[in-house]
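Structure data follow from my_file.cif (mmCIF, C-alpha atoms):
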```cif
data_query
loop_
_atom_site.label_atom_id
_atom_site.label_comp_id
_atom_site.auth_asym_id
_atom_site.auth_seq_id
_atom_site.Cartn_x
_atom_site.Cartn_y
_atom_site.Cartn_z
CA MET A 297 -5.18 -114.44 -36.47
CA ASP A 298 -2.24 -113.11 -34.50
CA THR A 299 1.06 -114.81 -34.86
CA ILE A 300 3.72 -115.04 -32.22
CA THR A 301 6.38 -113.76 -34.63
CA GLU A 302 4.93 -110.23 -34.54
CA ILE A 303 6.21 -109.84 -31.01
CA PRO A 304 9.88 -108.77 -30.80
CA LYS A 305 12.29 -111.35 -29.42
CA GLU A 306 14.16 -108.75 -27.39
CA GLU A 307 13.72 -109.18 -23.63
CA PHE A 308 13.96 -106.34 -21.14
CA ILE A 309 13.85 -108.57 -18.09
CA LEU A 310 17.09 -110.46 -17.60
CA LYS A 311 17.07 -113.92 -16.11
CA CYS A 312 15.79 -113.96 -13.55
CA THR A 313 13.60 -111.94 -11.21
CA SER A 314 12.86 -113.18 -7.71
CA ALA A 315 9.15 -113.51 -8.53
CA CYS A 316 7.41 -116.65 -7.30
CA ALA A 317 7.33 -119.59 -9.72
CA GLY A 318 4.41 -119.19 -12.11
CA CYS A 319 4.01 -115.45 -11.42
CA SER A 320 1.73 -113.83 -13.97
CA ASP A 321 2.93 -110.36 -12.98
CA SER A 322 6.34 -111.10 -14.50
CA LEU A 323 4.62 -112.71 -17.51
CA ALA A 324 2.58 -109.54 -18.07
CA LEU A 325 5.55 -107.24 -17.50
CA ARG A 326 7.59 -109.16 -20.10
CA TYR A 327 5.04 -108.24 -22.76
CA VAL A 328 4.47 -104.70 -21.50
CA LEU A 329 8.19 -103.96 -21.89
CA LYS A 330 8.38 -105.72 -25.27
CA ALA A 331 5.57 -103.48 -26.50
CA ALA A 332 7.02 -100.31 -24.96
CA GLY A 333 10.56 -100.82 -26.26
CA PRO A 334 13.88 -99.49 -24.95
CA ASP A 335 12.90 -95.79 -24.86
CA SER A 336 10.70 -96.15 -21.79
CA VAL A 337 10.86 -95.45 -18.09
CA LEU A 338 8.99 -97.53 -15.55
CA VAL A 339 7.66 -95.95 -12.37
CA VAL A 340 6.96 -98.59 -9.75
CA PRO A 341 5.28 -97.89 -6.39
CA ALA A 342 5.39 -100.41 -3.55
CA CYS A 343 4.02 -103.65 -5.00
CA CYS A 344 5.25 -107.08 -6.04
CA THR A 345 7.24 -105.55 -8.92
CA SER A 346 9.28 -103.43 -6.50
CA VAL A 347 10.42 -106.52 -4.61
CA ILE A 348 11.11 -108.89 -7.51
CA GLN A 349 13.77 -106.73 -9.17
CA GLY A 350 16.68 -108.62 -7.62
CA ILE A 351 19.13 -108.03 -4.80
CA TYR A 352 20.75 -104.58 -4.48
CA PRO A 353 23.06 -103.41 -6.15
CA ASN A 354 21.84 -105.63 -9.00
CA THR A 355 18.58 -105.60 -10.89
CA ALA A 356 17.01 -107.89 -13.44
CA PHE A 357 15.25 -105.03 -15.25
CA ASN A 358 17.27 -103.83 -18.22
CA ILE A 359 15.33 -100.58 -18.46
CA PRO A 360 15.27 -97.45 -16.24
CA VAL A 361 13.03 -98.09 -13.23
CA TYR A 362 12.12 -95.54 -10.59
CA ASN A 363 10.90 -97.03 -7.32
CA ILE A 364 8.69 -94.66 -5.38
CA ALA A 365 6.44 -94.49 -2.33
CA PHE A 366 3.06 -96.23 -2.44
CA GLY A 367 0.82 -93.24 -3.07
CA ALA A 368 3.16 -91.25 -5.28
CA ALA A 369 3.58 -93.23 -8.51
CA ALA A 370 1.28 -91.16 -10.73
CA ALA A 371 2.53 -87.87 -9.25
CA CYS A 372 6.13 -88.89 -9.97
CA ALA A 373 5.21 -89.96 -13.50
CA SER A 374 3.47 -86.61 -14.10
CA GLY A 375 6.65 -84.72 -13.30
CA MET A 376 8.75 -87.10 -15.33
CA SER A 377 6.47 -86.89 -18.35
CA ASN A 378 6.39 -83.09 -18.22
CA ALA A 379 10.19 -82.92 -17.95
CA PHE A 380 10.64 -85.27 -20.92
CA ARG A 381 8.15 -83.38 -23.09
CA ALA A 382 9.67 -80.01 -22.11
CA THR A 383 13.06 -81.22 -23.35
CA GLY A 384 11.50 -82.58 -26.53
CA LYS A 385 11.93 -86.27 -25.69
CA LYS A 386 9.35 -88.87 -26.66
CA THR A 387 10.28 -91.33 -23.88
CA ASN A 388 7.33 -93.45 -22.76
CA VAL A 389 6.50 -92.98 -19.09
CA ILE A 390 4.78 -96.07 -17.74
CA VAL A 391 3.45 -96.54 -14.21
CA TYR A 392 3.34 -100.21 -13.32
CA ALA A 393 1.34 -100.48 -10.11
CA GLY A 394 -0.49 -103.22 -8.29
CA ASP A 395 -4.14 -103.13 -7.31
CA GLY A 396 -3.28 -101.72 -3.87
CA GLY A 397 -1.29 -98.90 -5.47
CA THR A 398 -4.13 -98.15 -7.89
CA LEU A 399 -7.47 -98.92 -6.29
CA ASP A 400 -6.66 -97.98 -2.70
CA ILE A 401 -3.51 -96.06 -1.86
CA GLY A 402 -2.55 -94.53 -5.20
CA ILE A 403 -6.01 -93.45 -6.31
CA GLN A 404 -5.77 -89.74 -5.54
CA ALA A 405 -2.42 -89.22 -7.30
CA MET A 406 -3.74 -91.25 -10.24
CA SER A 407 -6.99 -89.33 -10.42
CA GLY A 408 -5.01 -86.07 -10.35
CA ALA A 409 -2.73 -87.16 -13.16
CA PHE A 410 -5.69 -88.23 -15.31
CA GLU A 411 -7.46 -84.94 -14.64
CA ARG A 412 -4.35 -82.95 -15.65
CA GLY A 413 -4.10 -84.94 -18.87
CA THR A 414 -0.55 -86.12 -18.22
CA ASP A 415 0.96 -87.91 -21.23
CA PHE A 416 1.62 -91.33 -19.68
CA LEU A 417 0.41 -94.91 -19.47
CA TYR A 418 -0.91 -96.21 -16.17
CA ILE A 419 -0.92 -99.98 -15.90
CA CYS A 420 -2.60 -101.68 -12.99
CA TYR A 421 -1.83 -105.38 -12.67
CA ASP A 422 -4.50 -106.76 -10.46
CA ASN A 423 -3.86 -109.83 -8.32
CA GLU A 424 -6.86 -108.86 -6.24
CA ALA A 425 -5.04 -108.42 -2.88
CA TYR A 426 -1.85 -107.07 -1.31
CA GLY A 427 0.38 -109.88 -2.60
CA ASN A 428 3.90 -109.21 -1.40
CA THR A 429 2.94 -108.53 2.22
CA GLY A 430 1.06 -111.83 2.49
CA MET A 431 -2.30 -111.47 0.76
CA GLN A 432 -4.31 -108.93 2.72
CA ARG A 433 -7.67 -107.76 1.41
CA SER A 434 -7.62 -104.83 -1.03
CA GLY A 435 -10.31 -102.87 -2.85
CA GLY A 436 -9.75 -105.25 -5.74
CA THR A 437 -10.54 -108.45 -3.85
CA PRO A 438 -13.74 -109.97 -5.26
CA LEU A 439 -16.76 -110.83 -3.19
CA GLY A 440 -16.42 -114.11 -1.27
CA ALA A 441 -12.63 -114.47 -1.67
CA LYS A 442 -10.67 -115.46 1.42
CA THR A 443 -7.57 -113.44 2.25
CA THR A 444 -5.50 -113.30 5.43
CA THR A 445 -7.60 -110.36 6.66
CA THR A 446 -10.94 -111.76 5.45
CA PRO A 447 -10.63 -115.38 6.61
CA THR A 448 -14.31 -116.13 6.05
CA GLY A 449 -14.49 -114.48 2.64
CA LYS A 450 -14.84 -110.83 1.65
CA THR A 451 -18.29 -109.39 2.25
CA ASP A 452 -17.98 -106.42 -0.12
CA ALA A 453 -17.85 -106.34 -3.92
CA LYS A 454 -14.77 -105.50 -5.98
CA LYS A 455 -14.26 -101.79 -6.58
CA ASP A 456 -15.04 -100.93 -10.19
CA ILE A 457 -11.86 -98.99 -10.97
CA ASP A 458 -12.58 -99.07 -14.71
CA ALA A 459 -15.75 -97.06 -14.20
CA ILE A 460 -13.80 -94.55 -12.09
CA ILE A 461 -11.20 -94.22 -14.84
CA ALA A 462 -13.88 -93.99 -17.53
CA ALA A 463 -15.35 -91.03 -15.63
CA HIS A 464 -12.05 -89.18 -16.26
CA SER A 465 -12.64 -89.73 -20.03
CA PRO A 466 -9.07 -90.69 -20.97
CA PRO A 467 -8.32 -91.09 -24.70
CA TYR A 468 -7.64 -94.80 -24.25
CA MET A 469 -8.38 -97.41 -21.61
CA ALA A 470 -8.44 -101.18 -21.78
CA THR A 471 -8.58 -104.35 -19.75
CA ALA A 472 -6.24 -107.24 -20.42
CA CYS A 473 -5.28 -110.54 -18.86
CA ALA A 474 -1.83 -112.05 -18.35
CA ALA A 475 -3.11 -115.28 -19.93
CA TYR A 476 -3.55 -113.47 -23.27
CA PRO A 477 -0.07 -111.99 -23.87
CA GLN A 478 -0.62 -111.16 -27.54
CA ASP A 479 -3.75 -109.19 -26.75
CA LEU A 480 -1.89 -107.41 -23.93
CA PHE A 481 1.03 -106.62 -26.24
CA LYS A 482 -1.26 -105.04 -28.83
CA LYS A 483 -3.13 -103.00 -26.24
CA VAL A 484 0.08 -101.59 -24.70
CA GLN A 485 1.41 -100.70 -28.15
CA LYS A 486 -1.86 -98.97 -28.99
CA ALA A 487 -2.07 -97.15 -25.65
CA LEU A 488 1.38 -95.63 -26.18
CA THR A 489 0.33 -94.05 -29.48
CA PHE A 490 -2.20 -91.79 -27.72
CA ARG A 491 -1.22 -88.40 -26.40
CA GLY A 492 -2.56 -87.95 -22.91
CA PRO A 493 -3.25 -90.43 -20.13
CA SER A 494 -4.11 -94.03 -20.94
CA PHE A 495 -4.99 -96.88 -18.63
CA ILE A 496 -4.67 -100.66 -18.85
CA HIS A 497 -6.06 -102.97 -16.18
CA ILE A 498 -4.45 -106.42 -16.25
CA LEU A 499 -5.78 -109.42 -14.35
CA ALA A 500 -2.78 -111.29 -12.91
CA PRO A 501 -3.66 -114.61 -11.27
CA CYS A 502 -1.38 -115.19 -8.27
CA PRO A 503 -0.62 -118.86 -7.41
CA PRO A 504 0.33 -118.48 -3.71
CA GLY A 505 -2.30 -115.83 -3.00
CA TRP A 506 -5.24 -117.38 -4.83
CA ARG A 507 -4.08 -120.79 -3.61
CA PHE A 508 -3.73 -122.83 -6.76
CA SER A 509 -0.70 -124.73 -8.01
CA THR A 510 1.90 -122.81 -10.02
CA GLU A 511 1.31 -124.49 -13.40
CA LYS A 512 -2.30 -123.23 -13.53
CA SER A 513 -1.52 -119.46 -13.73
CA VAL A 514 -2.36 -119.17 -17.42
CA GLU A 515 -5.23 -121.66 -17.22
CA ILE A 516 -6.94 -119.68 -14.42
CA GLY A 517 -6.53 -116.45 -16.38
CA LYS A 518 -8.25 -118.04 -19.37
CA LEU A 519 -11.02 -119.42 -17.15
CA ALA A 520 -11.59 -115.93 -15.73
CA VAL A 521 -12.23 -114.60 -19.22
CA LYS A 522 -14.26 -117.62 -20.38
CA SER A 523 -16.54 -117.45 -17.33
CA GLY A 524 -17.13 -113.72 -17.77
CA MET A 525 -15.57 -112.86 -14.40
CA TRP A 526 -13.01 -110.80 -16.31
CA ILE A 527 -14.10 -108.99 -19.46
CA LEU A 528 -11.59 -107.94 -22.10
CA TYR A 529 -12.44 -104.67 -23.80
CA GLU A 530 -10.98 -101.37 -24.87
CA ARG A 531 -12.45 -97.89 -24.84
CA GLU A 532 -11.10 -95.40 -27.36
CA TYR A 533 -12.30 -91.80 -26.86
CA GLY A 534 -15.27 -93.24 -24.99
CA VAL A 535 -16.19 -95.77 -27.68
CA LEU A 536 -16.33 -99.27 -26.24
CA THR A 537 -15.16 -102.37 -28.14
CA ILE A 538 -15.51 -105.73 -26.45
CA ASN A 539 -12.87 -108.30 -27.44
CA PRO A 540 -14.06 -111.35 -29.44
CA GLN A 541 -12.92 -113.69 -26.61
CA SER A 542 -15.24 -111.93 -24.19
CA LYS A 543 -18.07 -111.73 -26.73
CA VAL A 544 -17.98 -115.52 -26.93
CA ALA A 545 -17.85 -115.74 -23.14
CA MET A 546 -20.90 -113.45 -22.82
CA LYS A 547 -22.97 -115.62 -25.17
CA LYS A 548 -21.82 -119.00 -23.88
CA PRO A 549 -20.05 -118.62 -20.55
CA ILE A 550 -18.54 -121.63 -18.86
CA PRO A 551 -20.05 -122.29 -15.40
CA LEU A 552 -18.68 -119.89 -12.79
CA GLU A 553 -17.78 -122.87 -10.57
CA GLU A 554 -15.19 -123.97 -13.12
CA TYR A 555 -13.30 -120.74 -12.44
CA LEU A 556 -13.83 -120.77 -8.67
CA ALA A 557 -13.20 -124.46 -7.90
CA PRO A 558 -9.44 -124.62 -8.64
CA GLN A 559 -8.80 -121.63 -6.35
CA GLY A 560 -8.32 -122.21 -2.64
CA ARG A 561 -9.48 -118.66 -1.84
CA PHE A 562 -13.05 -119.52 -2.90
CA LYS A 563 -13.12 -122.85 -1.04
CA GLY A 564 -16.34 -123.33 0.90
CA ILE A 565 -18.05 -120.24 -0.58
CA ASP A 566 -21.69 -120.27 0.56
CA ALA A 567 -24.63 -120.39 -1.84
CA ARG A 568 -25.80 -116.87 -1.02
CA THR A 569 -22.44 -115.26 -1.80
CA LEU A 570 -22.16 -117.31 -4.96
CA GLU A 571 -25.55 -116.06 -6.08
CA MET A 572 -24.53 -112.46 -5.32
CA LEU A 573 -21.31 -112.95 -7.30
CA ARG A 574 -23.34 -114.31 -10.19
CA GLN A 575 -25.72 -111.34 -10.09
CA HIS A 576 -22.79 -108.89 -10.08
CA LEU A 577 -21.35 -110.67 -13.08
CA ALA A 578 -24.62 -110.60 -15.02
CA LYS A 579 -25.12 -106.92 -14.18
CA ASN A 580 -21.64 -106.04 -15.39
CA ILE A 581 -22.11 -107.91 -18.67
CA LYS A 582 -25.50 -106.27 -19.22
CA LYS A 583 -24.04 -102.82 -18.55
CA LEU A 584 -21.19 -103.29 -21.03
CA LEU A 585 -23.42 -104.78 -23.73
CA ALA A 586 -25.87 -101.89 -23.35
CA GLU A 587 -23.02 -99.40 -23.62
CA GLU A 588 -21.71 -101.04 -26.77
CA ALA A 589 -25.17 -101.27 -28.33
CA ALA A 590 -25.85 -97.59 -27.62
CA GLU A 591 -23.04 -96.49 -29.91
CA MET B 203 28.13 -87.98 -11.97
CA SER B 204 27.96 -85.54 -9.12
CA GLN B 205 28.61 -86.37 -5.48
CA ASP B 206 24.91 -86.05 -4.59
CA ARG B 207 23.82 -88.45 -7.29
CA GLN B 208 26.22 -91.12 -6.10
CA ARG B 209 24.43 -91.21 -2.77
CA LEU B 210 21.25 -92.47 -4.46
CA ALA B 211 20.74 -96.22 -4.37
CA ILE B 212 21.10 -97.26 -8.01
CA SER B 213 21.03 -100.87 -9.15
CA LYS B 214 22.75 -102.12 -12.30
CA PRO B 215 21.12 -104.62 -14.64
CA ILE B 216 22.84 -107.99 -14.62
CA GLN B 217 21.88 -111.58 -15.33
CA GLY B 218 21.29 -113.54 -12.15
CA ALA B 219 20.30 -110.48 -10.08
CA ALA B 220 18.19 -112.73 -7.85
CA GLY B 221 20.68 -115.60 -7.80
CA LYS B 222 20.40 -118.88 -9.66
CA THR B 223 16.67 -119.37 -9.40
CA GLY B 224 16.98 -122.88 -10.84
CA THR B 225 17.80 -124.08 -7.34
CA TRP B 226 14.16 -123.39 -6.31
CA ARG B 227 12.93 -126.09 -8.63
CA VAL B 228 11.21 -129.24 -7.40
CA PHE B 229 10.04 -130.47 -10.81
CA LYS B 230 12.07 -130.14 -13.96
CA PRO B 231 10.56 -129.76 -17.46
CA VAL B 232 11.71 -132.50 -19.83
CA VAL B 233 10.84 -131.98 -23.51
CA ASP B 234 9.94 -134.94 -25.70
CA LYS B 235 11.39 -133.84 -29.05
CA GLU B 236 9.34 -136.49 -30.89
CA LYS B 237 6.02 -134.99 -29.78
CA CYS B 238 7.06 -131.29 -30.00
CA ASN B 239 5.76 -129.42 -33.05
CA GLN B 240 7.70 -126.19 -32.37
CA CYS B 241 4.54 -124.09 -31.83
CA GLY B 242 6.37 -121.89 -29.31
CA LEU B 243 3.53 -121.57 -26.80
CA CYS B 244 5.84 -122.68 -23.95
CA GLU B 245 8.24 -119.84 -24.80
CA MET B 246 5.33 -117.40 -25.00
CA TYR B 247 3.84 -118.32 -21.64
CA CYS B 248 7.10 -118.70 -19.65
CA PRO B 249 6.91 -115.93 -17.02
CA ASP B 250 10.68 -115.88 -16.56
CA ASN B 251 11.85 -116.12 -20.15
CA ALA B 252 13.68 -119.35 -19.25
CA ILE B 253 12.80 -120.91 -22.63
CA ASP B 254 14.69 -119.44 -25.59
CA ALA B 255 13.64 -119.06 -29.24
CA ASP B 256 15.00 -122.55 -30.04
CA LEU B 257 12.69 -123.87 -27.30
CA LYS B 258 15.57 -124.94 -25.04
CA VAL B 259 14.94 -124.65 -21.30
CA ASP B 260 17.56 -122.71 -19.33
CA ILE B 261 17.97 -125.12 -16.44
CA MET B 262 20.08 -122.63 -14.46
CA PHE B 263 17.12 -120.23 -14.11
CA CYS B 264 13.93 -122.29 -14.70
CA LYS B 265 11.91 -122.16 -11.49
CA GLY B 266 9.91 -125.25 -12.40
CA CYS B 267 6.45 -123.67 -12.29
CA GLY B 268 5.14 -126.07 -14.94
CA ILE B 269 3.13 -123.57 -17.01
CA CYS B 270 4.93 -124.83 -20.16
CA ALA B 271 3.88 -128.44 -19.48
CA ASN B 272 0.31 -127.40 -18.66
CA GLU B 273 -0.12 -125.22 -21.77
CA CYS B 274 1.66 -127.51 -24.27
CA PRO B 275 -1.04 -128.56 -26.80
CA LYS B 276 0.92 -131.72 -27.71
CA LYS B 277 1.70 -132.64 -24.08
CA ALA B 278 5.35 -132.87 -25.10
CA ILE B 279 6.67 -131.51 -21.81
CA GLU B 280 6.72 -133.64 -18.72
CA MET B 281 7.53 -132.39 -15.22
CA VAL B 282 9.98 -134.81 -13.61
CA ARG B 283 10.94 -134.65 -9.92
CA GLU B 284 14.48 -133.33 -9.42
CA GLU B 285 16.96 -135.78 -7.93
CA LYS B 286 19.01 -134.34 -5.13
#
```

Hey, can you dump this file as structure tokens for me?
Amino acid sequence: MDTITEIPKEEFILKCTSACAGCSDSLALRYVLKAAGPDSVLVVPACCTSVIQGIYPNTAFNIPVYNIAFGAAAACASGMSNAFRATGKKTNVIVYAGDGGTLDIGIQAMSGAFERGTDFLYICYDNEAYGNTGMQRSGGTPLGAKTTTTPTGKTDAKKDIDAIIAAHSPPYMATACAAYPQDLFKKVQKALTFRGPSFIHILAPCPPGWRFSTEKSVEIGKLAVKSGMWILYEREYGVLTINPQSKVAMKKPIPLEEYLAPQGRFKGIDARTLEMLRQHLAKNIKKLLAEEAAE
Amino acid sequence: MSQDRQRLAISKPIQGAAGKTGTWRVFKPVVDKEKCNQCGLCEMYCPDNAIDADLKVDIMFCKGCGICANECPKKAIEMVREEK
């Protein structure tokens, strides 16, 4: 059993960012930086993290951060990583991008960096829409979710970015959830030990965007895992390991409605979409279980 | 530092970079020391690190999201409406 004491007390985010109350992006980032330690550089494209840093000329992040254009994060990190390695430095280069900067706009730079085998960690924190511009639909928005640009619910399924990344065969990739900080901490620490590109996909429930009250951030994250909507796993040199939490959820999932009901974005979802969502979920679970069993 | 470098926009880390975020708060966490068993889950789940290792809430910066009260297994934290 993990204990909280394993996690260092040192904080790299000073009080306080301008993130919304109950923001799970800042919760996840707290643990990412704790795991990475002081010898790290963060590359942040346009996303919530680029706007919560504080008011210029001050910043709440007590670590070097490079803010860059939306599509350029992985390209910038590639150059940075190469420069550090050429001068013999072991500095961790971490891209911390949102789902827009990973699934949609940043995908070609990211794909390039993974193909070149850049020594860096790419973290995508996924709040399933363009959060800081007012919740527009992104490639990460799940089927049936209402956003400001899909007022009747999205008609397309969520893009499977993990499968796209897996096709690049990186040494390490994982999924995590902001509601499980210890698991996230361990995965970031592990990812940084690999030479070459690694990828972590974090689910970050967003209270104003998903339309639930601020105190439920962690609760919703846990419900996502327990219902099987979000599966925690890691893939090391192509070998898949599903986390025990998700194993339990696959055997005995809680009803999907329990995850959807507290969120305003799924309010009034019709029976057909719900059924499609359920089928997607079952298919995903089946695929992962088959992959794990094949090894 | 060269002249060119100084033209870049560089921010310096400082506490309170986004102002005193405690003023955003509508509900304030009040800890019942009798019920608290020092498990530290509130500190772990606080997104803004407003709860320190001794489990004291930093009222100057706590945004009042209520995650601590919601996740407390002993229900030792109560969210009380702020008086203006």

Kindly provide, as AutoDock Vina command-line options, the centre and edge lengths (Å, one decimal) of an axis-aligned box around all atoms of range 343-361 of chain A given in the file, with 5 Å on each side.
```
--center_x 13.5 --center_y -103.2 --center_z -11.5 --size_x 29.0 --size_y 21.4 --size_z 24.0
```

Evaluate the PyMOL selection byres ((chain B) within 9 of (chain A)) on the structure here and hand back the selected residues as a ChimeraX atom specification.
/B:211-223,226-227,242-243,246-252,255,263-273

| task | Step by step, work through what the PyMOL selection byres ((chain B and resi 235) around 12) selects in the shown file, and finish by giving those residues as a VMD selection string. | result | chain B and resid 232 to 234 236 to 240 256 to 258 276 to 280

Selected residues, C-alpha atoms, written as a tab-separated table (two decimals), keeping the file's coordinate frame, please.
```tsv
chain	number	residue	atom	x	y	z
B	232	VAL	CA	11.71	-132.50	-19.83
B	233	VAL	CA	10.84	-131.98	-23.51
B	234	ASP	CA	9.94	-134.94	-25.70
B	236	GLU	CA	9.34	-136.49	-30.89
B	237	LYS	CA	6.02	-134.99	-29.78
B	238	CYS	CA	7.06	-131.29	-30.00
B	239	ASN	CA	5.76	-129.42	-33.05
B	240	GLN	CA	7.70	-126.19	-32.37
B	256	ASP	CA	15.00	-122.55	-30.04
B	257	LEU	CA	12.69	-123.87	-27.30
B	258	LYS	CA	15.57	-124.94	-25.04
B	276	LYS	CA	0.92	-131.72	-27.71
B	277	LYS	CA	1.70	-132.64	-24.08
B	278	ALA	CA	5.35	-132.87	-25.10
B	279	ILE	CA	6.67	-131.51	-21.81
B	280	GLU	CA	6.72	-133.64	-18.72
```

| task | Tell me, in Å to one decimal, how far CA of Leu210 in chain B is from CA of Ala405 in chain A. | result |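 Spanning CA of Leu210 in chain B to CA of Ala405 in chain A is a straight-line distance of 24.1 Å.
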
Pick out the residues sitting within 12 Å of Ala463 in chain A, and hand them over as an mmCIF file with C-alpha atoms, in the frame of the given file; count only C-alpha atoms, and ignore anything fewer than 5 positions along from it in its own chain.
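Generated file (result25.cif):
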```
data_model
loop_
_atom_site.group_PDB
_atom_site.id
_atom_site.type_symbol
_atom_site.label_atom_id
_atom_site.label_comp_id
_atom_site.auth_asym_id
_atom_site.auth_seq_id
_atom_site.Cartn_x
_atom_site.Cartn_y
_atom_site.Cartn_z
ATOM 1 C CA SER A 407 -6.990 -89.330 -10.420
ATOM 2 C CA PHE A 410 -5.690 -88.230 -15.310
ATOM 3 C CA GLU A 411 -7.460 -84.940 -14.640
ATOM 4 C CA ASP A 456 -15.040 -100.930 -10.190
ATOM 5 C CA ILE A 457 -11.860 -98.990 -10.970
ATOM 6 C CA ASP A 458 -12.580 -99.070 -14.710
ATOM 7 C CA MET A 469 -8.380 -97.410 -21.610
ATOM 8 C CA ARG A 531 -12.450 -97.890 -24.840
ATOM 9 C CA TYR A 533 -12.300 -91.800 -26.860
ATOM 10 C CA GLY A 534 -15.270 -93.240 -24.990
#
```

- Message: Starting from the PyMOL selection byres ((chain A and resi 501) around 6), expand the selection into actual residues of this file and give them as a PyMOL selection string.
- Response: chain A and resi 423+500+502+513

Find the distance between CA of Glu285 in chain B and CA of Gln559 in chain A and write it in Å to one decimal.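 A separation of 29.4 Å between them.
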
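With distances taken over all atoms listed in the file, A:Pro466 is the one residue among A:Pro466, A:Gly402, A:Gly333, A:Gly524 lying closest to Leu417 in chain A.
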
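For the pair CA of Gly427 in chain A and CA of Val328 in chain A, the separation is 20.0 Å.
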
So which one's closest to Ser336 in chain A, A:Ile538, A:Leu488, A:Glu302, A:Gly397? Using all atoms listed in the file, please.
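Using all atoms listed in the file, the shortest distance to Ser336 in chain A belongs to A:Leu488.
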